[in-house]
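S.K.: Pasting model-v2.cif below, which is mmCIF, C-alpha atoms and all ligand atoms.
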data_final
#
loop_
_atom_site.label_atom_id
_atom_site.label_comp_id
_atom_site.auth_asym_id
_atom_site.auth_seq_id
_atom_site.Cartn_x
_atom_site.Cartn_y
_atom_site.Cartn_z
CA MET A 274 0.00 0.00 0.00
CA LYS A 275 2.62 2.35 1.04
CA ARG A 276 4.70 1.59 -2.00
CA LYS A 277 1.80 1.97 -4.37
CA LYS A 278 0.95 5.28 -2.91
CA LYS A 279 4.49 6.46 -3.29
CA ARG A 280 4.59 5.33 -6.93
CA ARG A 281 1.37 7.17 -7.65
CA TYR A 282 2.82 10.16 -5.96
CA ILE A 283 5.88 9.98 -8.21
CA LYS A 284 3.64 9.48 -11.22
CA ASN A 285 1.58 12.54 -10.28
CA GLN A 286 4.69 14.53 -9.80
CA LEU A 287 5.98 13.44 -13.20
CA LEU A 288 2.67 14.40 -14.74
CA SER A 289 2.70 17.86 -13.22
CA LYS A 290 6.31 18.29 -14.36
CA ARG A 291 5.22 17.37 -17.89
CA MET A 292 2.37 19.80 -17.53
CA ILE A 293 4.74 22.58 -16.57
CA MET A 294 7.05 21.73 -19.49
CA PHE A 295 4.05 21.77 -21.80
CA ILE A 296 2.96 25.20 -20.58
CA ILE A 297 6.51 26.53 -20.92
CA ILE A 298 6.69 25.28 -24.51
CA ILE A 299 3.33 26.88 -25.33
CA VAL A 300 4.51 30.16 -23.83
CA ILE A 301 7.74 30.00 -25.88
CA ILE A 302 5.77 29.28 -29.06
CA ILE A 303 3.46 32.25 -28.41
CA PHE A 304 6.49 34.42 -27.67
CA ILE A 305 8.26 33.45 -30.91
CA TYR A 306 5.05 33.98 -32.85
CA GLN A 307 4.67 37.48 -31.37
CA ILE A 308 8.24 38.40 -32.27
CA SER A 309 7.87 37.22 -35.86
CA ALA A 310 4.54 39.04 -36.13
CA ASN A 311 6.20 42.24 -34.92
CA LYS A 312 9.07 41.69 -37.33
CA SER A 313 6.80 41.34 -40.32
CA GLN A 314 5.09 44.58 -39.24
CA GLU A 315 8.47 46.26 -38.95
CA SER A 316 9.65 45.07 -42.35
CA ASP A 317 6.39 46.37 -43.75
CA SER A 318 7.14 49.83 -42.45
CA VAL A 319 10.73 49.96 -43.65
CA SER A 320 9.91 48.99 -47.23
CA ALA A 321 9.39 52.68 -47.96
CA PHE A 322 8.16 53.82 -51.33
CA SER A 323 7.47 50.41 -52.78
CA SER A 324 4.96 51.99 -55.13
CA ILE A 325 7.45 54.47 -56.59
CA ASN A 326 7.80 52.71 -59.94
CA GLU A 327 4.12 53.09 -60.67
CA ILE A 328 4.43 56.86 -60.49
CA MET A 329 7.93 57.41 -61.98
CA ASP A 330 6.68 57.18 -65.58
CA GLU A 331 4.69 60.35 -65.17
CA ILE A 332 7.56 62.44 -63.81
CA GLU A 333 9.92 64.47 -65.99
CA THR A 334 13.35 62.87 -65.80
CA VAL A 335 15.69 65.56 -67.08
CA THR A 336 14.84 68.45 -64.79
CA TYR A 337 13.49 68.84 -61.30
CA ALA A 338 12.55 71.68 -58.95
CA ASN A 339 14.47 72.85 -55.90
CA VAL A 340 12.83 73.10 -52.49
CA ASN A 341 14.31 76.08 -50.66
CA ARG A 342 12.17 75.84 -47.54
CA TYR A 343 9.84 73.20 -46.11
CA ILE A 344 7.93 73.45 -42.88
CA VAL A 345 5.55 71.48 -40.71
CA TYR A 346 3.56 73.85 -38.50
CA GLY A 347 0.86 72.28 -36.35
CA THR A 348 -0.86 69.73 -38.56
CA HIS A 349 0.15 71.13 -41.95
CA PHE A 350 3.05 70.81 -44.39
CA ASN A 351 4.17 73.60 -46.70
CA LEU A 352 7.09 74.36 -48.96
CA GLU A 353 8.54 76.88 -51.36
CA GLY A 354 11.02 76.51 -54.16
CA ASP A 355 11.99 77.31 -57.73
CA MET A 356 13.14 75.79 -60.98
CA GLU A 357 14.35 76.79 -64.41
CA ILE A 358 11.87 76.02 -67.18
CA HIS A 359 12.71 76.60 -70.83
CA GLU A 360 9.50 76.08 -72.78
CA ASP A 361 8.05 77.67 -75.89
CA ASN A 362 4.57 77.18 -74.52
CA LYS A 363 3.25 79.57 -71.91
CA ILE A 364 2.71 78.37 -68.36
CA GLN A 365 -1.02 78.27 -67.59
CA SER A 366 -0.76 77.14 -63.98
CA ALA A 367 1.71 75.75 -61.45
CA GLU A 368 0.78 73.98 -58.26
CA VAL A 369 2.23 71.61 -55.72
CA VAL A 370 0.37 68.29 -55.48
CA ALA A 371 0.59 65.15 -53.36
CA LYS A 372 0.14 62.15 -55.65
CA THR A 373 -0.38 58.48 -54.80
CA ALA A 374 0.39 55.40 -56.83
CA SER A 375 -3.34 54.66 -56.88
CA GLY A 376 -3.84 57.86 -58.86
CA LYS A 377 -5.14 60.11 -56.11
CA GLU A 378 -3.99 63.72 -56.32
CA VAL A 379 -4.27 66.17 -53.42
CA HIS A 380 -4.07 69.79 -54.52
CA ILE A 381 -2.15 72.28 -52.35
CA ASP A 382 -2.87 76.01 -52.79
CA THR A 383 0.19 77.42 -54.53
CA GLU A 384 1.29 80.92 -55.46
CA TYR A 385 3.81 81.22 -58.31
CA THR A 386 5.66 83.66 -60.52
CA TYR A 387 7.41 82.99 -63.84
CA GLU A 388 10.07 85.40 -65.04
CA ASN A 389 13.19 84.96 -67.19
CA ASN A 390 12.62 81.19 -67.38
CA GLN A 391 12.57 81.03 -63.60
CA LEU A 392 9.46 79.56 -61.92
CA SER A 393 9.10 80.35 -58.21
CA PHE A 394 6.38 78.67 -56.18
CA SER A 395 5.16 78.72 -52.58
CA THR A 396 2.38 77.13 -50.56
CA LEU A 397 3.40 79.11 -47.47
CA LYS A 398 0.95 82.02 -47.57
CA GLU A 399 -0.57 80.76 -44.32
CA ILE A 400 1.55 78.56 -42.09
CA ASN A 401 -1.35 76.45 -40.78
CA THR A 402 -3.08 75.62 -44.06
CA GLY A 403 -1.62 73.75 -47.05
CA LEU A 404 -1.22 69.98 -46.98
CA ASP A 405 -3.25 68.63 -44.04
CA LEU A 406 -1.16 65.77 -42.63
CA GLU A 407 -4.12 64.55 -40.59
CA SER A 408 -6.18 63.85 -43.70
CA LEU A 409 -3.73 61.56 -45.55
CA ASN A 410 -4.49 57.85 -45.96
CA VAL A 411 -2.17 55.02 -45.01
CA GLU A 412 -0.26 54.87 -48.29
CA ASP A 413 2.68 56.55 -50.01
CA TYR A 414 2.39 60.08 -51.37
CA TYR A 415 4.85 61.88 -53.63
CA ILE A 416 5.05 65.65 -53.58
CA LEU A 417 5.38 66.99 -57.11
CA LEU A 418 5.24 70.28 -58.94
CA LYS A 419 2.47 70.11 -61.54
CA VAL A 420 2.77 72.59 -64.39
CA GLN A 421 0.18 73.07 -67.11
CA PHE A 422 1.23 74.63 -70.40
CA SER A 423 -0.75 76.52 -73.03
CA ASN A 424 -0.67 73.54 -75.44
CA ASN A 425 -2.75 71.62 -72.86
CA LYS A 426 0.27 69.60 -71.85
CA THR A 427 0.77 68.80 -68.17
CA LYS A 428 4.15 68.00 -66.70
CA TYR A 429 5.07 66.70 -63.26
CA TYR A 430 8.43 67.64 -61.79
CA SER A 431 9.98 65.97 -58.78
CA LEU A 432 11.47 67.96 -55.92
CA SER A 433 15.04 68.12 -54.66
CA ASN A 434 16.08 69.21 -51.18
CA ASN A 435 18.00 72.47 -51.50
CA THR A 436 17.98 73.14 -47.74
CA GLU A 437 20.07 72.06 -44.77
CA TYR A 438 17.08 70.30 -43.24
CA GLY A 439 16.68 66.52 -43.13
CA ASP A 440 13.80 64.07 -42.94
CA ILE A 441 10.81 64.67 -40.66
CA GLU A 442 8.93 62.10 -38.60
CA TYR A 443 5.39 63.24 -37.86
CA TYR A 444 2.71 61.52 -35.77
CA THR A 445 -0.94 62.37 -36.34
CA LEU A 446 -3.23 63.28 -33.44
CA THR A 447 -4.63 60.33 -31.50
CA ARG A 448 -8.01 59.29 -32.87
CA LYS A 449 -9.76 56.18 -31.51
CA ASP A 450 -6.47 55.13 -29.86
CA THR A 451 -4.55 55.05 -33.13
CA ASN A 452 -2.05 57.29 -34.89
CA ASN A 453 -0.37 57.44 -38.27
CA ARG A 454 3.34 57.92 -38.53
CA ILE A 455 4.36 60.01 -41.53
CA ASN A 456 7.97 59.84 -42.68
CA ILE A 457 8.68 62.86 -44.84
CA ASP A 458 11.77 61.84 -46.78
CA PHE A 459 13.85 63.37 -49.52
CA THR A 460 15.42 60.47 -51.33
CA THR A 461 16.91 59.58 -54.70
CA ILE A 462 15.63 56.91 -57.05
CA ASP A 463 17.59 56.19 -60.27
CA ASN A 464 19.44 59.48 -59.74
CA MET A 465 16.13 61.35 -59.55
CA PRO A 466 15.48 63.29 -56.36
CA ILE A 467 12.01 62.73 -54.91
CA LEU A 468 10.07 63.96 -51.90
CA GLY A 469 7.90 61.19 -50.51
CA PHE A 470 5.52 60.77 -47.59
CA HIS A 471 5.54 57.21 -46.29
CA ILE A 472 2.58 56.60 -43.99
CA THR A 473 2.08 53.72 -41.58
CA ARG A 474 -0.43 53.08 -38.82
CA VAL A 475 1.04 52.75 -35.32
CA LYS A 476 -0.59 51.27 -32.24
CA GLU A 477 0.83 53.77 -29.80
CA LEU A 478 2.67 57.08 -29.75
CA PRO A 479 6.35 56.88 -28.78
CA GLU A 480 6.91 57.94 -25.17
CA GLU A 481 8.25 61.39 -26.05
CA VAL A 482 5.47 62.27 -28.53
CA TYR A 483 2.34 64.14 -27.39
CA ASP A 484 -0.79 65.43 -29.07
CA VAL A 485 -1.36 68.67 -27.15
CA VAL A 486 0.61 70.88 -24.77
CA ILE A 487 -1.17 72.93 -22.10
CA ASP A 488 0.77 75.86 -20.76
CA PRO A 489 -0.63 77.44 -17.58
CA GLY A 490 0.69 81.01 -17.72
CA HIS A 491 3.32 82.26 -15.25
CA GLY A 492 4.09 80.17 -12.12
CA GLY A 493 6.73 79.94 -9.41
CA SER A 494 7.82 83.37 -8.27
CA ASP A 495 6.04 84.89 -11.30
CA VAL A 496 2.39 85.13 -10.21
CA GLY A 497 1.18 87.20 -13.17
CA ALA A 498 -1.72 89.59 -12.66
CA VAL A 499 -3.09 89.96 -9.13
CA GLU A 500 -6.49 91.02 -7.79
CA GLY A 501 -6.78 90.98 -4.00
CA ARG A 502 -5.81 87.48 -2.90
CA HIS A 503 -6.33 86.06 -6.39
CA MET A 504 -3.30 85.33 -8.54
CA GLU A 505 -3.31 84.72 -12.31
CA SER A 506 -0.75 81.88 -12.01
CA GLU A 507 -3.01 79.87 -9.66
CA ILE A 508 -6.29 80.43 -11.51
CA ALA A 509 -4.64 79.55 -14.84
CA LEU A 510 -3.22 76.37 -13.28
CA ASP A 511 -6.61 75.24 -11.92
CA CYS A 512 -8.22 75.72 -15.31
CA ALA A 513 -5.23 74.03 -17.05
CA LEU A 514 -5.47 70.91 -14.86
CA GLU A 515 -9.19 70.68 -15.62
CA LEU A 516 -8.46 71.11 -19.34
CA LYS A 517 -5.85 68.33 -19.16
CA THR A 518 -8.41 65.94 -17.63
CA GLN A 519 -10.99 66.78 -20.28
CA LEU A 520 -8.59 66.50 -23.25
CA GLU A 521 -7.40 63.14 -21.91
CA SER A 522 -10.99 61.98 -21.64
CA ILE A 523 -11.34 62.32 -25.43
CA GLY A 524 -8.20 60.19 -25.87
CA LEU A 525 -5.52 62.85 -26.40
CA LYS A 526 -2.03 62.56 -24.94
CA VAL A 527 -1.39 65.80 -23.08
CA LEU A 528 1.76 67.43 -21.72
CA ILE A 529 1.43 70.22 -19.17
CA THR A 530 4.38 72.63 -18.83
CA ARG A 531 3.86 72.99 -15.06
CA ASP A 532 1.52 71.31 -12.57
CA GLY A 533 2.06 73.35 -9.43
CA THR A 534 4.80 71.19 -7.94
CA GLU A 535 7.64 73.34 -9.30
CA SER A 536 10.02 75.29 -7.11
CA GLU A 537 9.51 79.00 -6.52
CA GLU A 538 12.01 80.13 -9.14
CA GLU A 539 11.29 77.55 -11.80
CA TYR A 540 8.94 79.57 -13.95
CA THR A 541 10.14 83.11 -14.15
CA MET A 542 10.50 84.83 -17.49
CA TYR A 543 14.26 84.31 -17.33
CA ASN A 544 14.53 80.53 -17.42
CA ILE A 545 11.74 79.56 -19.78
CA TYR A 546 14.42 78.44 -22.27
CA ASP A 547 16.28 76.25 -19.74
CA GLU A 548 16.10 72.48 -19.82
CA ASP A 549 12.93 72.41 -17.71
CA GLY A 550 11.59 75.68 -19.01
CA ARG A 551 8.17 75.83 -20.67
CA VAL A 552 9.52 76.70 -24.13
CA THR A 553 11.96 73.77 -24.09
CA LEU A 554 9.37 71.33 -22.69
CA ALA A 555 6.87 72.35 -25.37
CA ASN A 556 9.42 72.19 -28.18
CA GLU A 557 10.50 68.70 -27.12
CA SER A 558 6.94 67.37 -26.98
CA HIS A 559 6.38 66.82 -30.75
CA ALA A 560 2.84 68.05 -30.04
CA LYS A 561 0.73 69.59 -32.73
CA VAL A 562 -1.13 72.23 -30.69
CA LEU A 563 -0.35 74.31 -27.61
CA ILE A 564 -2.93 76.12 -25.51
CA SER A 565 -1.53 78.72 -23.12
CA LEU A 566 -3.95 79.90 -20.42
CA HIS A 567 -3.80 83.42 -18.95
CA LEU A 568 -5.91 86.10 -17.33
CA ASN A 569 -5.76 89.66 -18.52
CA SER A 570 -5.63 92.80 -16.44
CA ASN A 571 -7.04 96.14 -17.44
CA LEU A 572 -4.76 98.31 -19.48
CA SER A 573 -7.34 101.00 -20.13
CA ASP A 574 -10.64 102.06 -18.61
CA ASN A 575 -12.70 101.34 -21.72
CA VAL A 576 -12.09 97.58 -21.61
CA ASP A 577 -14.96 95.84 -19.89
CA GLY A 578 -13.57 92.30 -19.65
CA GLY A 579 -14.17 89.32 -21.92
CA VAL A 580 -12.23 86.64 -23.74
CA GLU A 581 -9.28 87.19 -26.12
CA ILE A 582 -7.62 84.47 -28.23
CA TYR A 583 -4.16 85.27 -29.60
CA ALA A 584 -2.87 83.41 -32.66
CA SER A 585 0.19 83.59 -34.87
CA SER A 586 0.39 86.12 -37.67
CA ASN A 587 0.33 84.65 -41.20
CA SER A 588 -2.03 81.96 -39.99
CA ASP A 589 -5.58 80.96 -40.77
CA LEU A 590 -7.72 82.01 -37.80
CA THR A 591 -10.52 79.44 -38.02
CA LEU A 592 -9.51 77.58 -34.84
CA ALA A 593 -8.85 80.86 -32.98
CA LYS A 594 -12.36 82.06 -33.88
CA LYS A 595 -13.83 78.71 -32.87
CA LEU A 596 -12.10 78.86 -29.47
CA ALA A 597 -13.47 82.38 -28.89
CA ASP A 598 -17.01 81.46 -30.00
CA ASP A 599 -17.11 78.23 -27.98
CA ILE A 600 -15.83 79.90 -24.80
CA VAL A 601 -18.32 82.76 -25.09
CA GLU A 602 -21.19 80.33 -25.65
CA THR A 603 -20.29 77.56 -23.19
CA ALA A 604 -18.85 79.64 -20.34
CA LYS A 605 -21.48 82.35 -20.86
CA THR A 606 -18.96 85.14 -21.09
CA GLU A 607 -18.40 87.87 -23.72
CA TYR A 608 -15.96 88.85 -26.44
CA SER A 609 -13.47 91.36 -25.12
CA THR A 610 -14.09 95.01 -25.99
CA ASN A 611 -10.34 95.57 -26.30
CA GLN A 612 -9.68 96.98 -29.79
CA THR A 613 -5.87 96.74 -29.79
CA ASP A 614 -4.66 93.99 -32.19
CA LYS A 615 -8.26 92.81 -32.66
CA VAL A 616 -8.95 90.96 -35.94
CA GLU A 617 -12.42 89.57 -35.30
CA ASP A 618 -14.66 89.28 -32.23
CA GLY A 619 -12.49 87.51 -29.64
CA VAL A 620 -9.56 86.98 -32.04
CA TYR A 621 -6.29 88.91 -31.76
CA VAL A 622 -2.98 88.89 -33.60
CA SER A 623 -0.19 90.75 -31.87
CA THR A 624 2.99 91.35 -33.87
CA ILE A 625 6.36 92.91 -33.21
CA GLU A 626 6.65 96.51 -34.36
CA LEU A 627 9.82 98.39 -34.98
CA GLU A 628 9.51 100.31 -31.70
CA ASP A 629 9.53 97.01 -29.77
CA TYR A 630 13.05 96.52 -31.00
CA THR A 631 14.49 98.62 -28.21
CA ASN A 632 12.94 96.30 -25.61
CA GLU A 633 13.97 93.08 -27.29
CA THR A 634 17.73 93.35 -27.37
CA SER A 635 18.30 89.90 -28.82
CA PHE A 636 17.02 91.16 -32.17
CA SER A 637 19.48 91.63 -34.91
CA ARG A 638 18.23 94.77 -36.61
CA SER A 639 19.65 93.78 -39.98
CA THR A 640 18.09 90.31 -39.92
CA TYR A 641 14.62 91.44 -38.98
CA LYS A 642 14.56 94.80 -40.73
CA GLY A 643 11.34 95.22 -42.59
CA ILE A 644 9.61 92.07 -41.36
CA PHE A 645 8.74 93.13 -37.83
CA ASP A 646 5.04 93.16 -38.55
CA SER A 647 5.06 89.47 -39.44
CA ILE A 648 6.62 88.10 -36.25
CA PRO A 649 4.27 87.14 -33.40
CA TYR A 650 4.87 89.34 -30.40
CA LEU A 651 3.90 86.81 -27.74
CA TYR A 652 6.91 84.62 -27.02
CA ILE A 653 4.98 81.41 -26.30
CA ILE A 654 3.41 81.52 -29.77
CA ARG A 655 6.60 82.69 -31.47
CA GLU A 656 9.24 80.51 -29.80
CA ILE A 657 7.44 77.15 -30.21
CA GLY A 658 6.82 77.61 -33.94
CA GLY A 659 10.46 77.50 -35.07
CA ILE A 660 11.14 79.22 -38.39
CA ALA A 661 7.41 79.30 -39.23
CA THR A 662 6.78 81.92 -36.53
CA GLY A 663 10.17 83.65 -36.53
CA ALA A 664 11.51 82.19 -33.26
CA TYR A 665 14.74 84.04 -32.59
CA VAL A 666 15.90 83.87 -28.95
CA ASP A 667 19.53 82.91 -29.58
CA GLY A 668 21.29 83.93 -26.36
CA THR A 669 22.31 87.39 -27.56
CA ASN A 670 20.32 88.73 -24.65
CA LYS A 671 22.04 87.02 -21.73
CA ALA A 672 18.96 87.34 -19.50
CA TYR A 673 16.88 85.00 -21.67
CA GLY A 674 18.98 81.93 -22.39
CA VAL A 675 18.84 80.14 -25.72
CA ASN A 676 15.92 78.58 -27.59
CA GLU A 677 17.63 75.52 -29.07
CA TYR A 678 14.63 74.96 -31.34
CA ARG A 679 14.57 78.43 -32.91
CA ASN A 680 15.75 77.11 -36.31
CA SER A 681 13.47 74.07 -36.32
CA ASN A 682 11.35 73.51 -39.44
CA VAL A 683 8.80 71.66 -37.31
CA GLY A 684 6.71 73.93 -35.09
CA ILE A 685 3.77 73.71 -32.70
CA GLU A 686 0.63 75.70 -33.51
CA GLY A 687 0.18 77.94 -30.48
CA TYR A 688 -2.86 79.74 -29.10
CA LEU A 689 -2.82 82.03 -26.09
CA VAL A 690 -6.19 82.20 -24.35
CA GLU A 691 -6.89 85.20 -22.13
CA LEU A 692 -9.85 83.70 -20.27
CA GLY A 693 -10.98 87.09 -18.99
CA TYR A 694 -9.85 90.06 -16.93
CA ILE A 695 -8.79 89.37 -13.34
CA ASN A 696 -9.77 92.88 -12.29
CA VAL A 697 -13.23 92.77 -13.86
CA ASP A 698 -15.55 91.21 -11.25
CA LYS A 699 -17.93 89.40 -13.61
CA ASP A 700 -14.95 87.76 -15.39
CA LEU A 701 -13.13 86.74 -12.21
CA ASP A 702 -16.30 85.36 -10.57
CA ASN A 703 -17.23 83.38 -13.67
CA ILE A 704 -13.74 81.88 -14.09
CA LEU A 705 -13.51 80.93 -10.39
CA GLU A 706 -16.98 79.38 -10.40
CA ASN A 707 -17.14 77.90 -13.90
CA GLY A 708 -13.52 77.15 -14.80
CA ASN A 709 -14.65 73.69 -15.95
CA LEU A 710 -16.92 75.29 -18.58
CA TYR A 711 -13.96 77.19 -20.07
CA ALA A 712 -12.04 73.88 -20.18
CA GLN A 713 -15.06 72.16 -21.74
CA ALA A 714 -15.34 74.85 -24.43
CA ILE A 715 -11.65 74.54 -25.36
CA THR A 716 -11.94 70.72 -25.43
CA ASN A 717 -15.00 70.92 -27.71
CA SER A 718 -13.22 73.34 -30.03
CA ILE A 719 -10.24 71.03 -30.41
CA ALA A 720 -12.40 67.89 -30.73
CA ASN A 721 -14.58 69.43 -33.44
CA PHE A 722 -11.85 71.24 -35.33
CA TYR A 723 -9.61 68.17 -35.60
CA GLY A 724 -12.41 65.63 -35.85
CA ILE A 725 -11.61 63.81 -32.59
CA LYS A 726 -14.42 62.14 -30.73
ZN ZN B 1 -0.51 86.27 -18.20
#
Would you encode the structure as structure tokens?
M.R.:
Amino acid sequence: MKRKKKRRYIKNQLLSKRMIMFIIIIVIIIFIYQISANKSQESDSVSAFSSINEIMDEIETVTYANVNRYIVYGTHFNLEGDMEIHEDNKIQSAEVVAKTASGKEVHIDTEYTYENNQLSFSTLKEINTGLDLESLNVEDYYILLKVQFSNNKTKYYSLSNNTEYGDIEYYTLTRKDTNNRINIDFTTIDNMPILGFHITRVKELPEEVYDVVIDPGHGGSDVGAVEGRHMESEIALDCALELKTQLESIGLKVLITRDGTESEEEYTMYNIYDEDGRVTLANESHAKVLISLHLNSNLSDNVDGGVEIYASSNSDLTLAKKLADDIVETAKTEYSTNQTDKVEDGVYVSTIELEDYTNETSFSRSTYKGIFDSIPYLYIIREIGGIATGAYVDGTNKAYGVNEYRNSNVGIEGYLVELGYINVDKDLDNILENGNLYAQAITNSIANFYGIK
């Protein structure tokens, strides 16, 4: 009896050992399968421009156009360039297009001039319109210059990189938990330069890539505007934290430039370009949009409170107007009566004028001579947009540090929201009581404008 029992015991033990081995083998098989599945996905994404041959036949092979500037600002791509064209036939039209192997052609609004055989073209009239990167399908696109001549002939020219800038990796905004990665590459095929967009779907954003940045104005020892015991830095932070929660609830990945845990000195005007400074944090985020929250204070007696949205100059103001309209409607406030820099109800564009030069000593007068009125005055809009917005803080003014991203050709689309006036009672009361409604309005604006639900 005893023996039998022992044998059975051994047998059971052997069985369970086999069982464990079996499970281990299954786990290993699943593991190997996963790896090979990932690998095949990877190899799919590195086989860039497989469809190039199908489109090469249509492209002129002897000449090509030069790209002298290309920019991603917010969610849009734009470029400008030129080429020599010697043709007996007159040029009827010239435009930049994004073409797919399947025959799709996306038109990009293009301005051009043709003089002395030199064709110059630009899609950069507004920095936040042009080729909408969010609207592209998961396939390869080729950016070409399409020229139509008076004999009804159409020619496509490929584009060559005539800049010091390299390839761009762009991630679309998170929609239904997915993103597209867009590799914007200048490459050469059979000695022909070509600008291609290779698009793949990704399951998750890389750790360092965000959709939106929220920037609560001021902070640390810089409290901003003050009314009694109320400080702009604290009210802006409360509203910003609420906005972060709401944007995350619609699936967006949000970076906040401060959350109230910073040291006293961390957020003064003088270290915003440091490693942990708001300009650096924003620039490193790869985000598409930045919302900076502030409260105004009265500059003149005839301003009776209300909301003001500041946007970059040379930009389409549709989203700025939407933010203003949604805040007025949802938070039951009003458009500001401030007339300075006003473009539309609630929408403002503030630019650097020549007289500001004396205050901004890091300007090089020769570099910026004549273009002052096209550079956004507000640093948070200007310094996160790279070359699209004229970012310039280069360390010449020792008090301000260096914006390492000032020459970037990838910029974040920035909006500064003045929620209301801290020293106008109806504004202050409304913001303190209904800060969540301001956050809700901004969330709705972004969700509707970018088609995120
Ligand atoms: Zn402020």
S.K.: What residues of the protein or nucleic acid chains come within 7 Å of ligand ZN 1 (chain B) when you use all atoms listed in the file? Reply as a PDB file with C-alpha atoms, in the coordinates of the input.
M.R.:
ATOM      1  CA  GLY A 490       0.690  81.010 -17.720  1.00  0.00           C
ATOM      2  CA  HIS A 491       3.320  82.260 -15.250  1.00  0.00           C
ATOM      3  CA  GLY A 497       1.180  87.200 -13.170  1.00  0.00           C
ATOM      4  CA  ALA A 498      -1.720  89.590 -12.660  1.00  0.00           C
ATOM      5  CA  GLU A 505      -3.310  84.720 -12.310  1.00  0.00           C
ATOM      6  CA  HIS A 567      -3.800  83.420 -18.950  1.00  0.00           C
ATOM      7  CA  LEU A 568      -5.910  86.100 -17.330  1.00  0.00           C
ATOM      8  CA  ASN A 569      -5.760  89.660 -18.520  1.00  0.00           C
TER       9      ASN A 569
END
S.K.: Between CA of Asp413 in chain A and CA of Asn452 in chain A, what is the spacing in Å?
M.R.: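 Interatomic distance here is 15.9 Å.
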S.K.: Nearest residue to Thr461 in chain A out of A:Ala720, A:Leu432, A:Ile344, A:Val335, using only C-alpha atoms?
M.R.: A:Leu432
S.K.: Residues within 10 Å of Ser522 in chain A, please, as number ranges by chain. Count all atoms listed in the file; anything in the same chain fewer than 4 positions from it doesn't count.
M.R.: A: 516-518, 526, 716, 726
S.K.: If you measure from CA of Ile582 in chain A to CA of Cys512 in chain A, what distance in Å do you get, rounded to one decimal?
M.R.: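 So the answer is 15.6 Å.
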S.K.: Kindly indicate which residue among A:Ile719, A:Ala661, A:Val411, A:Ile381 lies nearest to Glu521 in chain A, using all atoms listed in the file for the distances.
M.R.: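 Ranked by minimum distance to Glu521 in chain A, first place goes to A:Ile719.
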S.K.: Taking (-1.3, 81.8, -72.1) in the file's coordinates as the center, which residues reach within 6 Å of it, counting all atoms listed in the file, put as JSON, numbers by chain?
M.R.: {"A": [363, 365, 423]}
S.K.: In Å, rounded to a single decimal, give me how far CA of Gly619 in chain A is from CA of Ala597 in chain A.
M.R.: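 Between these atoms lies a distance of 5.3 Å.
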S.K.: Between A:Val616, A:Val379, A:Leu520, A:Val601, which residue has the minimum interatomic distance to Leu404 in chain A, considering all atoms listed in the file?
M.R.: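 Of all the options, A:Val379 lies closest to Leu404 in chain A.
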S.K.: Smallest atom-to-atom distance to Asp488 in chain A: which of A:Thr383, A:Asn464, A:Ser565, A:Thr606, using all atoms listed in the file?
M.R.: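 Answer, going by the shortest atom-to-atom distance: A:Ser565.
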S.K.: Set the distance at 6 Å and use only C-alpha atoms: which residues neighbour Arg679 in chain A once local chain neighbours fewer than 2 positions away are removed? I'd like the list as number ranges by chain.
M.R.: A: 659, 664-665, 676-677, 681
S.K.: Excluding same-chain residues fewer than 6 positions from Gly663 in chain A, what lies within 8 Å of it counting all atoms listed in the file, as a VMD selection string?
M.R.: chain A and resid 648 to 649 655 to 656 679
S.K.: Name the residues in contact with range 578-580 of chain A at a cut-off of 6 Å, using all atoms listed in the file, excluding same-chain residues fewer than 4 positions from it; report them as number ranges by chain.
M.R.: A: 607-609, 619, 691-694, 697
S.K.: Could you check the closest approach to Phe350 in chain A for each of A:Arg291, A:Lys594, A:Lys561, A:Lys428 and tell me which residue wins, using only C-alpha atoms?
M.R.: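 Comparing A:Arg291, A:Lys594, A:Lys561, A:Lys428 against Phe350 in chain A, the winner is A:Lys561.
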S.K.: Name the residues, using the chain letters and numbers of the file, that sit within 6 Å of (0.7, 80.4, -25.5) when counting all atoms listed in the file, and give them as a PyMOL selection string.
M.R.: chain A and resi 564-565+653-654+687-689
S.K.: Can you tell me, as a list in words, what residues are no more than 8 Å from His559 in chain A when counting only C-alpha atoms, ignoring any on the same chain fewer than 3 positions away?
M.R.: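 In the requested format, the answer is Glu481, Val482, Tyr483, Asp484, Ala555, Asn556 and Ile685 of chain A.
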